[in-house]
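So this one's input.csv, CSV, C-alpha atoms and all ligand atoms:
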```csv
chain,number,residue,atom,x,y,z
I,1,MET,CA,80.9,35.9,31.8
I,2,SER,CA,80.4,37.2,28.3
I,3,GLU,CA,79.2,34.8,25.6
I,4,LYS,CA,79.7,35.2,21.9
I,5,THR,CA,76.4,35.6,20.1
I,6,GLY,CA,75.3,35.6,16.4
I,7,ARG,CA,72.2,36.2,14.4
I,8,ALA,CA,70.1,33.4,13.0
I,9,VAL,CA,67.0,33.2,10.9
I,10,PHE,CA,64.5,31.3,13.1
I,11,PHE,CA,61.1,29.8,12.2
I,12,ASP,CA,58.5,28.5,14.6
I,13,GLY,CA,55.4,29.3,12.7
I,14,GLU,CA,56.7,32.8,12.2
I,15,LEU,CA,60.0,33.9,10.7
I,16,ARG,CA,62.3,36.2,12.6
I,17,VAL,CA,66.0,37.0,13.0
I,18,ILE,CA,67.1,36.1,16.5
I,19,GLU,CA,70.3,36.7,18.4
I,20,ARG,CA,71.6,33.3,19.8
I,21,PRO,CA,74.7,32.1,21.6
I,22,GLN,CA,77.4,31.0,19.1
I,23,PRO,CA,76.9,27.2,18.5
I,24,THR,CA,79.6,24.9,20.0
I,25,PRO,CA,80.7,22.4,17.4
I,26,ALA,CA,81.2,18.7,18.5
I,27,SER,CA,84.5,17.1,17.8
I,28,ASP,CA,83.4,15.9,14.3
I,29,GLU,CA,81.8,19.3,13.4
I,30,ALA,CA,83.1,22.5,12.0
I,31,LEU,CA,81.9,26.0,12.9
I,32,ILE,CA,81.2,27.9,9.7
I,33,ARG,CA,80.9,31.7,9.1
I,34,LEU,CA,78.2,32.3,6.4
I,35,ARG,CA,79.4,34.1,3.2
I,36,LEU,CA,76.2,33.6,1.2
I,37,GLY,CA,73.0,31.6,1.6
I,38,GLY,CA,70.4,30.7,-1.0
I,39,ILE,CA,66.6,30.5,-0.4
I,40,CYS,CA,65.2,27.4,-1.8
I,41,ASN,CA,61.6,26.2,-2.5
I,42,THR,CA,62.1,23.6,0.3
I,43,ASP,CA,62.6,26.6,2.7
I,44,LEU,CA,59.3,28.0,1.6
I,45,GLU,CA,57.6,24.6,2.0
I,46,LEU,CA,59.0,24.2,5.5
I,47,MET,CA,57.4,27.5,6.3
I,48,ALA,CA,54.1,26.3,4.7
I,49,GLY,CA,54.1,23.4,7.2
I,50,TYR,CA,56.2,20.7,5.5
I,51,LYS,CA,57.6,18.4,8.2
I,52,GLY,CA,56.3,20.6,11.0
I,53,PHE,CA,59.7,22.4,11.0
I,54,ARG,CA,60.8,24.6,13.8
I,55,GLY,CA,64.4,26.0,14.1
I,56,VAL,CA,67.0,27.8,12.1
I,57,LEU,CA,66.4,27.6,8.3
I,58,GLY,CA,68.9,27.3,5.5
I,59,HIS,CA,70.7,24.5,3.7
I,60,GLU,CA,72.2,26.2,0.6
I,61,PHE,CA,75.3,28.0,1.6
I,62,VAL,CA,79.0,28.9,1.0
I,63,GLY,CA,81.0,29.9,4.1
I,64,ASP,CA,84.4,29.9,5.8
I,65,VAL,CA,85.4,27.4,8.5
I,66,VAL,CA,86.3,29.3,11.6
I,67,ALA,CA,86.7,26.5,14.1
I,68,GLY,CA,86.8,22.7,14.1
I,69,PRO,CA,89.2,20.1,12.7
I,70,ALA,CA,92.6,21.8,11.8
I,71,GLU,CA,92.5,20.7,8.2
I,72,TRP,CA,89.3,22.6,7.6
I,73,VAL,CA,89.9,25.8,9.5
I,74,GLY,CA,90.3,28.7,7.0
I,75,GLN,CA,88.8,26.8,4.1
I,76,ARG,CA,86.0,28.2,2.0
I,77,VAL,CA,83.4,25.4,1.8
I,78,VAL,CA,80.0,24.2,0.8
I,79,GLY,CA,78.4,21.3,2.5
I,80,ALA,CA,76.2,18.2,1.9
I,81,ILE,CA,73.0,18.6,3.9
I,82,ASN,CA,72.3,15.1,5.2
I,83,VAL,CA,74.1,14.4,8.4
I,84,ALA,CA,74.4,10.6,8.7
I,85,CYS,CA,75.1,8.3,11.6
I,86,GLY,CA,77.6,6.2,9.7
I,87,SER,CA,76.6,2.9,11.3
I,88,CYS,CA,73.0,2.0,10.2
I,89,ASP,CA,72.2,-0.4,7.3
I,90,MET,CA,71.7,2.5,4.8
I,91,CYS,CA,75.0,4.1,5.8
I,92,ARG,CA,76.8,0.7,5.5
I,93,ARG,CA,75.2,0.3,2.0
I,94,GLY,CA,77.0,3.5,1.0
I,95,VAL,CA,73.9,5.7,0.8
I,96,PRO,CA,74.3,8.1,3.8
I,97,GLU,CA,71.7,10.5,2.3
I,98,HIS,CA,69.2,7.8,3.3
I,99,CYS,CA,70.6,7.2,6.8
I,100,ARG,CA,67.9,5.9,9.1
I,101,ASN,CA,69.0,8.3,11.8
I,102,ARG,CA,69.9,11.3,9.7
I,103,SER,CA,69.3,14.9,10.4
I,104,VAL,CA,69.2,17.4,7.6
I,105,LEU,CA,70.8,20.8,7.8
I,106,GLY,CA,68.0,23.4,8.1
I,107,ILE,CA,65.3,20.9,7.3
I,108,TYR,CA,65.2,18.2,10.0
I,109,ASN,CA,66.6,18.1,13.5
I,110,TYR,CA,69.7,20.2,12.6
I,111,ASP,CA,69.9,24.0,12.8
I,112,GLY,CA,70.4,25.5,9.4
I,113,ALA,CA,72.9,27.8,7.7
I,114,PHE,CA,71.0,31.2,7.6
I,115,ALA,CA,73.1,32.5,10.6
I,116,ASP,CA,76.2,34.5,11.1
I,117,VAL,CA,77.9,31.2,12.3
I,118,PHE,CA,76.5,27.7,12.3
I,119,ARG,CA,77.8,24.2,12.7
I,120,LEU,CA,78.0,21.2,10.3
I,121,ALA,CA,79.5,17.7,10.4
I,122,SER,CA,83.0,18.2,8.9
I,123,ARG,CA,82.8,15.0,6.8
I,124,ASN,CA,80.0,16.8,4.9
I,125,LEU,CA,82.3,19.7,3.8
I,126,LEU,CA,83.8,20.3,0.3
I,127,ARG,CA,86.4,22.9,-0.5
I,128,VAL,CA,85.3,25.4,-3.2
I,129,PRO,CA,87.8,25.8,-6.0
I,130,PRO,CA,89.3,29.4,-5.9
I,131,SER,CA,88.0,30.2,-9.4
I,132,VAL,CA,84.4,29.7,-8.3
I,133,PRO,CA,83.0,32.9,-6.8
I,134,ASP,CA,80.5,32.8,-3.8
I,135,GLU,CA,77.6,33.8,-6.1
I,136,GLN,CA,78.2,30.5,-8.0
I,137,ALA,CA,79.2,28.3,-5.1
I,138,VAL,CA,76.0,29.0,-3.3
I,139,PHE,CA,74.2,27.0,-6.1
I,140,THR,CA,76.2,23.8,-5.4
I,141,GLU,CA,73.4,22.1,-3.4
I,142,PRO,CA,70.6,22.6,-5.9
I,143,LEU,CA,73.0,21.9,-8.9
I,144,ALA,CA,74.0,18.6,-7.2
I,145,ALA,CA,70.3,17.8,-6.9
I,146,ALA,CA,70.0,18.4,-10.7
I,147,CYS,CA,73.0,16.1,-11.3
I,148,ARG,CA,71.2,13.3,-9.3
I,149,ILE,CA,68.9,12.8,-12.3
I,150,VAL,CA,71.7,11.6,-14.6
I,151,GLU,CA,73.1,9.5,-11.7
I,152,ASP,CA,69.8,7.6,-11.5
I,153,VAL,CA,68.4,7.6,-15.1
I,154,HIS,CA,70.4,6.7,-18.2
I,155,ILE,CA,69.5,9.5,-20.6
I,156,HIS,CA,70.5,8.6,-24.1
I,157,PRO,CA,71.6,11.4,-26.5
I,158,THR,CA,68.7,10.2,-28.8
I,159,ASP,CA,66.1,10.6,-26.0
I,160,ARG,CA,63.2,13.1,-26.1
I,161,VAL,CA,63.3,14.7,-22.7
I,162,VAL,CA,60.8,17.2,-21.3
I,163,VAL,CA,61.3,19.2,-18.1
I,164,ILE,CA,58.1,20.5,-16.6
I,165,GLY,CA,58.7,23.6,-14.5
I,166,ALA,CA,61.3,26.4,-15.1
I,167,GLY,CA,61.8,27.7,-11.6
I,168,LYS,CA,65.1,27.8,-9.6
I,169,LEU,CA,65.7,24.1,-9.8
I,170,GLY,CA,64.2,23.5,-13.2
I,171,MET,CA,66.6,26.0,-14.7
I,172,LEU,CA,69.6,24.1,-13.3
I,173,ILE,CA,68.1,20.7,-14.4
I,174,ALA,CA,67.6,22.0,-17.9
I,175,GLN,CA,71.3,23.1,-18.2
I,176,VAL,CA,72.5,19.7,-16.8
I,177,LEU,CA,70.3,17.7,-19.2
I,178,LYS,CA,71.4,19.8,-22.1
I,179,LEU,CA,74.9,18.4,-21.6
I,180,THR,CA,73.6,14.9,-22.4
I,181,GLY,CA,72.9,15.9,-26.0
I,182,ALA,CA,69.3,14.7,-25.7
I,183,ASP,CA,66.4,16.4,-27.5
I,184,LEU,CA,65.3,18.7,-24.7
I,185,SER,CA,62.3,20.8,-24.2
I,186,VAL,CA,61.3,22.8,-21.1
I,187,ILE,CA,57.7,23.7,-20.3
I,188,VAL,CA,57.5,27.4,-19.2
I,189,ARG,CA,54.8,29.7,-18.1
I,190,HIS,CA,56.5,33.1,-18.4
I,191,GLU,CA,58.3,34.9,-21.2
I,192,ARG,CA,61.2,35.6,-18.9
I,193,GLN,CA,61.9,31.9,-18.4
I,194,GLU,CA,61.6,31.5,-22.1
I,195,ALA,CA,64.2,34.2,-22.8
I,196,LEU,CA,66.7,32.7,-20.3
I,197,LEU,CA,66.4,29.2,-21.7
I,198,THR,CA,66.7,30.5,-25.3
I,199,ALA,CA,69.9,32.3,-24.4
I,200,TRP,CA,71.3,29.0,-23.2
I,201,GLY,CA,70.2,27.3,-26.5
I,202,ILE,CA,67.5,25.3,-24.7
I,203,ARG,CA,64.0,25.0,-26.3
I,204,ALA,CA,61.3,26.6,-24.3
I,205,VAL,CA,57.7,25.4,-25.0
I,206,ARG,CA,54.2,25.9,-23.6
I,207,ARG,CA,52.3,22.9,-22.2
I,208,GLN,CA,49.7,22.9,-25.0
I,209,ASP,CA,52.5,22.5,-27.6
I,210,VAL,CA,53.9,19.3,-26.1
I,211,PRO,CA,52.3,16.2,-27.5
I,212,ASN,CA,51.1,13.6,-25.0
I,213,GLY,CA,52.6,10.1,-24.8
I,214,LEU,CA,55.8,10.7,-26.7
I,215,ALA,CA,58.6,11.7,-24.2
I,216,ASP,CA,61.1,9.1,-23.2
I,217,VAL,CA,61.9,10.9,-20.0
I,218,VAL,CA,59.9,13.6,-18.2
I,219,VAL,CA,61.3,15.5,-15.2
I,220,GLU,CA,58.6,17.0,-13.0
I,221,VAL,CA,59.9,20.0,-11.1
I,222,THR,CA,56.9,22.3,-10.8
I,223,GLY,CA,56.5,21.9,-7.1
I,224,ASN,CA,52.8,21.7,-7.9
I,225,PRO,CA,50.7,18.5,-7.5
I,226,ALA,CA,49.2,19.2,-11.0
I,227,GLY,CA,52.7,18.8,-12.5
I,228,PHE,CA,52.6,15.1,-11.6
I,229,ALA,CA,49.5,14.5,-13.7
I,230,ASP,CA,51.0,16.4,-16.6
I,231,ALA,CA,54.1,14.3,-16.4
I,232,LEU,CA,52.1,11.1,-16.7
I,233,GLU,CA,50.3,12.4,-19.8
I,234,ILE,CA,53.5,13.5,-21.5
I,235,VAL,CA,55.6,10.4,-21.0
I,236,ARG,CA,55.5,7.5,-23.5
I,237,PRO,CA,54.6,3.9,-22.6
I,238,ARG,CA,57.6,2.4,-20.7
I,239,GLY,CA,59.1,5.8,-20.4
I,240,THR,CA,60.5,7.4,-17.2
I,241,VAL,CA,59.1,10.1,-15.0
I,242,VAL,CA,61.6,11.7,-12.6
I,243,LEU,CA,60.0,13.5,-9.6
I,244,LYS,CA,61.9,16.4,-8.2
I,245,SER,CA,59.1,18.2,-6.4
I,246,THR,CA,58.4,17.9,-2.7
I,247,TYR,CA,54.6,18.5,-2.5
I,248,HIS,CA,53.0,19.6,0.7
I,249,GLY,CA,49.7,18.2,-0.6
I,250,LEU,CA,49.0,14.8,-2.0
I,251,PRO,CA,49.0,14.9,-5.8
I,252,GLN,CA,46.1,13.4,-7.7
I,253,ALA,CA,47.1,11.5,-10.8
I,254,ASP,CA,46.1,8.5,-12.9
I,255,LEU,CA,48.2,5.8,-11.4
I,256,THR,CA,46.4,3.1,-13.5
I,257,ARG,CA,48.3,4.7,-16.4
I,258,VAL,CA,51.5,3.9,-14.6
I,259,VAL,CA,50.5,0.2,-14.5
I,260,VAL,CA,49.0,-0.1,-17.9
I,261,GLU,CA,51.7,1.8,-19.7
I,262,GLU,CA,54.5,0.4,-17.5
I,263,ILE,CA,55.8,3.9,-16.7
I,264,HIS,CA,58.9,4.1,-14.5
I,265,LEU,CA,58.6,6.5,-11.6
I,266,VAL,CA,61.9,7.7,-10.1
I,267,GLY,CA,62.1,9.8,-7.0
I,268,SER,CA,65.1,12.0,-6.9
I,269,ARG,CA,66.5,14.3,-4.2
I,270,CYS,CA,70.1,15.1,-3.2
I,271,GLY,CA,73.0,14.6,-5.5
I,272,PRO,CA,76.8,14.7,-5.9
I,273,PHE,CA,78.4,17.9,-4.7
I,274,GLU,CA,81.8,17.1,-6.4
I,275,ALA,CA,80.1,16.9,-9.8
I,276,ALA,CA,78.2,20.2,-9.2
I,277,LEU,CA,81.4,22.0,-8.2
I,278,ARG,CA,83.1,20.7,-11.4
I,279,LEU,CA,80.3,22.0,-13.6
I,280,LEU,CA,80.6,25.4,-12.0
I,281,GLU,CA,84.4,25.4,-12.2
I,282,GLN,CA,84.4,24.4,-15.9
I,283,GLY,CA,81.7,27.0,-16.7
I,284,LEU,CA,79.3,24.4,-18.0
I,285,VAL,CA,76.4,25.8,-16.0
I,286,ASP,CA,75.4,29.4,-15.9
I,287,VAL,CA,73.9,30.5,-12.6
I,288,GLN,CA,74.4,34.3,-12.6
I,289,PRO,CA,71.2,35.1,-14.4
I,290,LEU,CA,69.2,33.1,-11.8
I,291,ILE,CA,70.1,35.5,-9.1
I,292,GLU,CA,67.1,37.7,-8.5
I,293,ALA,CA,68.1,39.7,-5.4
I,294,ARG,CA,70.5,39.8,-2.5
I,295,TYR,CA,69.4,40.8,1.1
I,296,PRO,CA,71.3,41.2,4.3
I,297,LEU,CA,70.7,38.5,6.9
I,298,ALA,CA,68.9,41.1,9.1
I,299,GLU,CA,66.3,41.5,6.3
I,300,ALA,CA,65.6,37.8,6.0
I,301,LYS,CA,61.8,38.4,6.4
I,302,ALA,CA,61.8,40.6,3.3
I,303,ALA,CA,64.0,38.2,1.5
I,304,PHE,CA,61.7,35.3,2.1
I,305,GLU,CA,58.7,37.4,1.0
I,306,HIS,CA,60.5,38.2,-2.2
I,307,ALA,CA,61.5,34.6,-2.8
I,308,ALA,CA,57.9,33.5,-2.4
I,309,ARG,CA,56.6,35.7,-5.1
I,310,ARG,CA,55.5,34.0,-8.3
I,311,GLY,CA,58.1,33.5,-10.9
I,312,VAL,CA,61.0,34.7,-8.7
I,313,LEU,CA,64.3,32.9,-9.1
I,314,LYS,CA,67.1,32.7,-6.5
I,315,VAL,CA,67.1,35.2,-3.6
I,316,LEU,CA,70.4,35.3,-1.7
I,317,LEU,CA,71.2,36.2,2.0
I,318,ALA,CA,74.5,37.7,3.0
I,319,PRO,CA,75.6,38.6,6.5
R,1,ZN,ZN,67.5,23.5,-1.6
R,2,ZN,ZN,73.1,5.9,9.2
```
Just give me the structure of the file as structure tokens.
Amino acid sequence: MSEKTGRAVFFDGELRVIERPQPTPASDEALIRLRLGGICNTDLELMAGYKGFRGVLGHEFVGDVVAGPAEWVGQRVVGAINVACGSCDMCRRGVPEHCRNRSVLGIYNYDGAFADVFRLASRNLLRVPPSVPDEQAVFTEPLAAACRIVEDVHIHPTDRVVVIGAGKLGMLIAQVLKLTGADLSVIVRHERQEALLTAWGIRAVRRQDVPNGLADVVVEVTGNPAGFADALEIVRPRGTVVLKSTYHGLPQADLTRVVVEEIHLVGSRCGPFEAALRLLEQGLVDVQPLIEARYPLAEAKAAFEHAARRGVLKVLLAP
């Protein structure tokens, strides 16, 4: 008996490309052929020990449905990463991304998308508009995460907003927040980040040029525990700090300041895919300059090494 196999990027303390039997989708799942995957900081953190992850990596993808529910077969799709049970109290509250029994594509208890073919719950899928090329659609997941900020925090056009960190996610957040009309600054460390932001009409600044205690909203997206302490210094009393970094250490920061100055802390993770696809379709967010390199799936190891280098933006994987 011959069994269909496919390659997958597997991590169990060490990263390697394995050949595995083609996954069999359950009745509520689709089988998806990868067109393009994006390496995210979360992938790098999983490899650094976050959540003790072991399995197939990858949650940023665009692909074609090759098997599963008839209405999906043949569609070019992206997919929300939280696979929810649909029946727990959080699901019934309408927040499936906080399902008590969730698994998360390529992050927790669910094999990821860096594979020739992989499965995902079909209710998580969204069709990609024909005018959005793969190289843009692959940014839907992180762009949705950027949109989450304006879902959770009311940013007034008169607000002074500071984004700390101009990496892959920070660059998307900056472009989304620019659309609010707020007085936006992004703290950068490299000239290259500065040049990109300036080209989009966004003010790039260095940390030492940002006054403390004045910003209405600070978005912390450095991925570095020190960024949290910086955010608390920059925000004004009764201002809001939005946390977008998942740290694999425990950040040290002056939490007494949070109490005394009544600072609002907002944790922010996954966001609305529909909105992200709309931004891409309407050309309101520019992702092309964020693409650093593109590797074949077979060279995933080299791709991850590249993505982990300092100051490197998005590295893509293609079968
Ligand atoms: Zn991601
Ligand atoms: Zn649930």
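Proximity to I:Gln252 was assessed for I:Gly227, I:Leu169, I:Val235, I:His264 counting all atoms listed in the file; the smallest distance is recorded for I:Gly227.
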Excluding same-chain residues fewer than 3 positions from I:Ser87, what lies within 10 Å of it counting only C-alpha atoms, as a ChimeraX atom specification?
-> /I:84,90-93,96,99-101
Write out, as a PDB file, keeping the file's coordinate frame, the residues just selected, with C-alpha atoms.
```pdb
ATOM      1  CA  ALA I  84      74.400  10.600   8.700  1.00  0.00           C
ATOM      2  CA  MET I  90      71.700   2.500   4.800  1.00  0.00           C
ATOM      3  CA  CYS I  91      75.000   4.100   5.800  1.00  0.00           C
ATOM      4  CA  ARG I  92      76.800   0.700   5.500  1.00  0.00           C
ATOM      5  CA  ARG I  93      75.200   0.300   2.000  1.00  0.00           C
ATOM      6  CA  PRO I  96      74.300   8.100   3.800  1.00  0.00           C
ATOM      7  CA  CYS I  99      70.600   7.200   6.800  1.00  0.00           C
ATOM      8  CA  ARG I 100      67.900   5.900   9.100  1.00  0.00           C
ATOM      9  CA  ASN I 101      69.000   8.300  11.800  1.00  0.00           C
TER      10      ASN I 101
END
```
Name each residue within 7 Å of ligand ZN 1 (chain R), counting all atoms listed in the file, as a compact mmCIF listing (two decimals) with C-alpha atoms, in the frame of the given file.
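Dumped to out-v8.txt:
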```txt
# COMPACT_ATOMS: atom_id res chain seq x y z
CA CYS I 40 65.20 27.40 -1.80
CA ASN I 41 61.60 26.20 -2.50
CA THR I 42 62.10 23.60 0.30
CA HIS I 59 70.70 24.50 3.70
CA GLU I 60 72.20 26.20 0.60
CA GLU I 141 73.40 22.10 -3.40
CA PRO I 142 70.60 22.60 -5.90
```
Do a neighbour search on I:Leu44 at 9 Å with all atoms listed in the file, toss out local chain neighbours closer than 5 positions, and write the hits as a PyMOL selection string.
-> chain I and resi 39+49-50+304+307-308
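Here atom CA of I:Ile32 and atom CA of I:Glu274 stand 19.4 Å from one another.
With all atoms listed in the file as the atoms that count, the residue of I:Ala121, I:Val258, I:Val83, I:Ala182 with the shortest distance to ligand ZN 2 (chain R) is I:Val83.
Proximity to I:Glu292 was assessed for I:Arg7, I:Pro25, I:Val210, I:His306 counting all atoms listed in the file; the smallest distance is recorded for I:His306.
For the set I:Leu15, I:Leu297, I:Val312, I:Val161, the residue with the smallest atom-to-atom gap to I:Leu46 is I:Leu15, counting all atoms listed in the file.
Distance-wise, atom CA of I:Ala229 and atom CA of I:Val163 end up 13.4 Å apart.
With all atoms listed in the file as the atoms that count, the minimum distance from ligand ZN 2 (chain R) to the choices I:Asp111, I:Glu97, I:Glu261, I:Asp152 is reached by I:Glu97.
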Would you mind listing what lies within 12 Å of I:Arg192 as a PyMOL selection string, with only C-alpha atoms counted and same-chain residues fewer than 3 positions away left out?
-> chain I and resi 166-167+171+188-189+195-199+204+289-290+311-313
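The residue that comes closest to ligand ZN 2 (chain R), out of I:Cys85, I:Val78, I:Leu265, I:Ile291 and on the basis of all atoms listed in the file, is I:Cys85.
Across the model, the gap from atom CA of I:Gly170 to atom CA of I:Phe139 is 12.8 Å.
For stretch 144-150 of chain I, the non-local neighbours within 7 Å, defined as residues at least 4 positions apart in the same chain or in other chains and counting all atoms listed in the file, are Thr140, His154, Ile155, Leu172, Ile173, Val176, Ser268, Arg269, Cys270, Gly271, Pro272, Phe273, Ala275 and Ala276 of chain I.
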Could N, CA and C atoms be built for stretch 2-17 of chain I and written out as a PDB file, keeping the file's coordinate frame?
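Result written to result.pdb:
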```
ATOM      1  N   SER I   2      81.021  36.776  29.525  1.00  0.00           N
ATOM      2  CA  SER I   2      80.400  37.200  28.300  1.00  0.00           C
ATOM      3  C   SER I   2      80.441  36.023  27.286  1.00  0.00           C
ATOM      4  N   GLU I   3      79.341  35.879  26.562  1.00  0.00           N
ATOM      5  CA  GLU I   3      79.200  34.800  25.600  1.00  0.00           C
ATOM      6  C   GLU I   3      79.108  35.353  24.248  1.00  0.00           C
ATOM      7  N   LYS I   4      79.776  34.733  23.276  1.00  0.00           N
ATOM      8  CA  LYS I   4      79.700  35.200  21.900  1.00  0.00           C
ATOM      9  C   LYS I   4      78.297  34.859  21.348  1.00  0.00           C
ATOM     10  N   THR I   5      77.705  35.823  20.650  1.00  0.00           N
ATOM     11  CA  THR I   5      76.400  35.600  20.100  1.00  0.00           C
ATOM     12  C   THR I   5      76.455  35.820  18.551  1.00  0.00           C
ATOM     13  N   GLY I   6      75.426  35.397  17.870  1.00  0.00           N
ATOM     14  CA  GLY I   6      75.300  35.600  16.400  1.00  0.00           C
ATOM     15  C   GLY I   6      73.868  35.596  16.024  1.00  0.00           C
ATOM     16  N   ARG I   7      73.573  36.206  14.875  1.00  0.00           N
ATOM     17  CA  ARG I   7      72.200  36.200  14.400  1.00  0.00           C
ATOM     18  C   ARG I   7      71.844  34.915  13.693  1.00  0.00           C
ATOM     19  N   ALA I   8      70.563  34.553  13.736  1.00  0.00           N
ATOM     20  CA  ALA I   8      70.100  33.400  13.000  1.00  0.00           C
ATOM     21  C   ALA I   8      68.661  33.601  12.563  1.00  0.00           C
ATOM     22  N   VAL I   9      68.313  33.022  11.412  1.00  0.00           N
ATOM     23  CA  VAL I   9      67.000  33.200  10.900  1.00  0.00           C
ATOM     24  C   VAL I   9      66.135  31.983  11.397  1.00  0.00           C
ATOM     25  N   PHE I  10      65.249  32.300  12.324  1.00  0.00           N
ATOM     26  CA  PHE I  10      64.500  31.300  13.100  1.00  0.00           C
ATOM     27  C   PHE I  10      63.072  31.225  12.659  1.00  0.00           C
ATOM     28  N   PHE I  11      62.543  30.004  12.552  1.00  0.00           N
ATOM     29  CA  PHE I  11      61.100  29.800  12.200  1.00  0.00           C
ATOM     30  C   PHE I  11      60.446  28.904  13.178  1.00  0.00           C
ATOM     31  N   ASP I  12      59.299  29.356  13.712  1.00  0.00           N
ATOM     32  CA  ASP I  12      58.500  28.500  14.600  1.00  0.00           C
ATOM     33  C   ASP I  12      57.030  28.762  14.317  1.00  0.00           C
ATOM     34  N   GLY I  13      56.700  28.902  13.033  1.00  0.00           N
ATOM     35  CA  GLY I  13      55.400  29.300  12.700  1.00  0.00           C
ATOM     36  C   GLY I  13      55.404  30.754  12.183  1.00  0.00           C
ATOM     37  N   GLU I  14      56.439  31.448  12.643  1.00  0.00           N
ATOM     38  CA  GLU I  14      56.700  32.800  12.200  1.00  0.00           C
ATOM     39  C   GLU I  14      58.166  32.979  12.015  1.00  0.00           C
ATOM     40  N   LEU I  15      58.530  33.778  11.004  1.00  0.00           N
ATOM     41  CA  LEU I  15      60.000  33.900  10.700  1.00  0.00           C
ATOM     42  C   LEU I  15      60.501  35.181  11.358  1.00  0.00           C
ATOM     43  N   ARG I  16      61.652  35.049  12.040  1.00  0.00           N
ATOM     44  CA  ARG I  16      62.300  36.200  12.600  1.00  0.00           C
ATOM     45  C   ARG I  16      63.790  36.006  12.746  1.00  0.00           C
ATOM     46  N   VAL I  17      64.513  37.121  12.831  1.00  0.00           N
ATOM     47  CA  VAL I  17      66.000  37.000  13.000  1.00  0.00           C
ATOM     48  C   VAL I  17      66.218  37.152  14.522  1.00  0.00           C
TER      49      VAL I  17
END
```
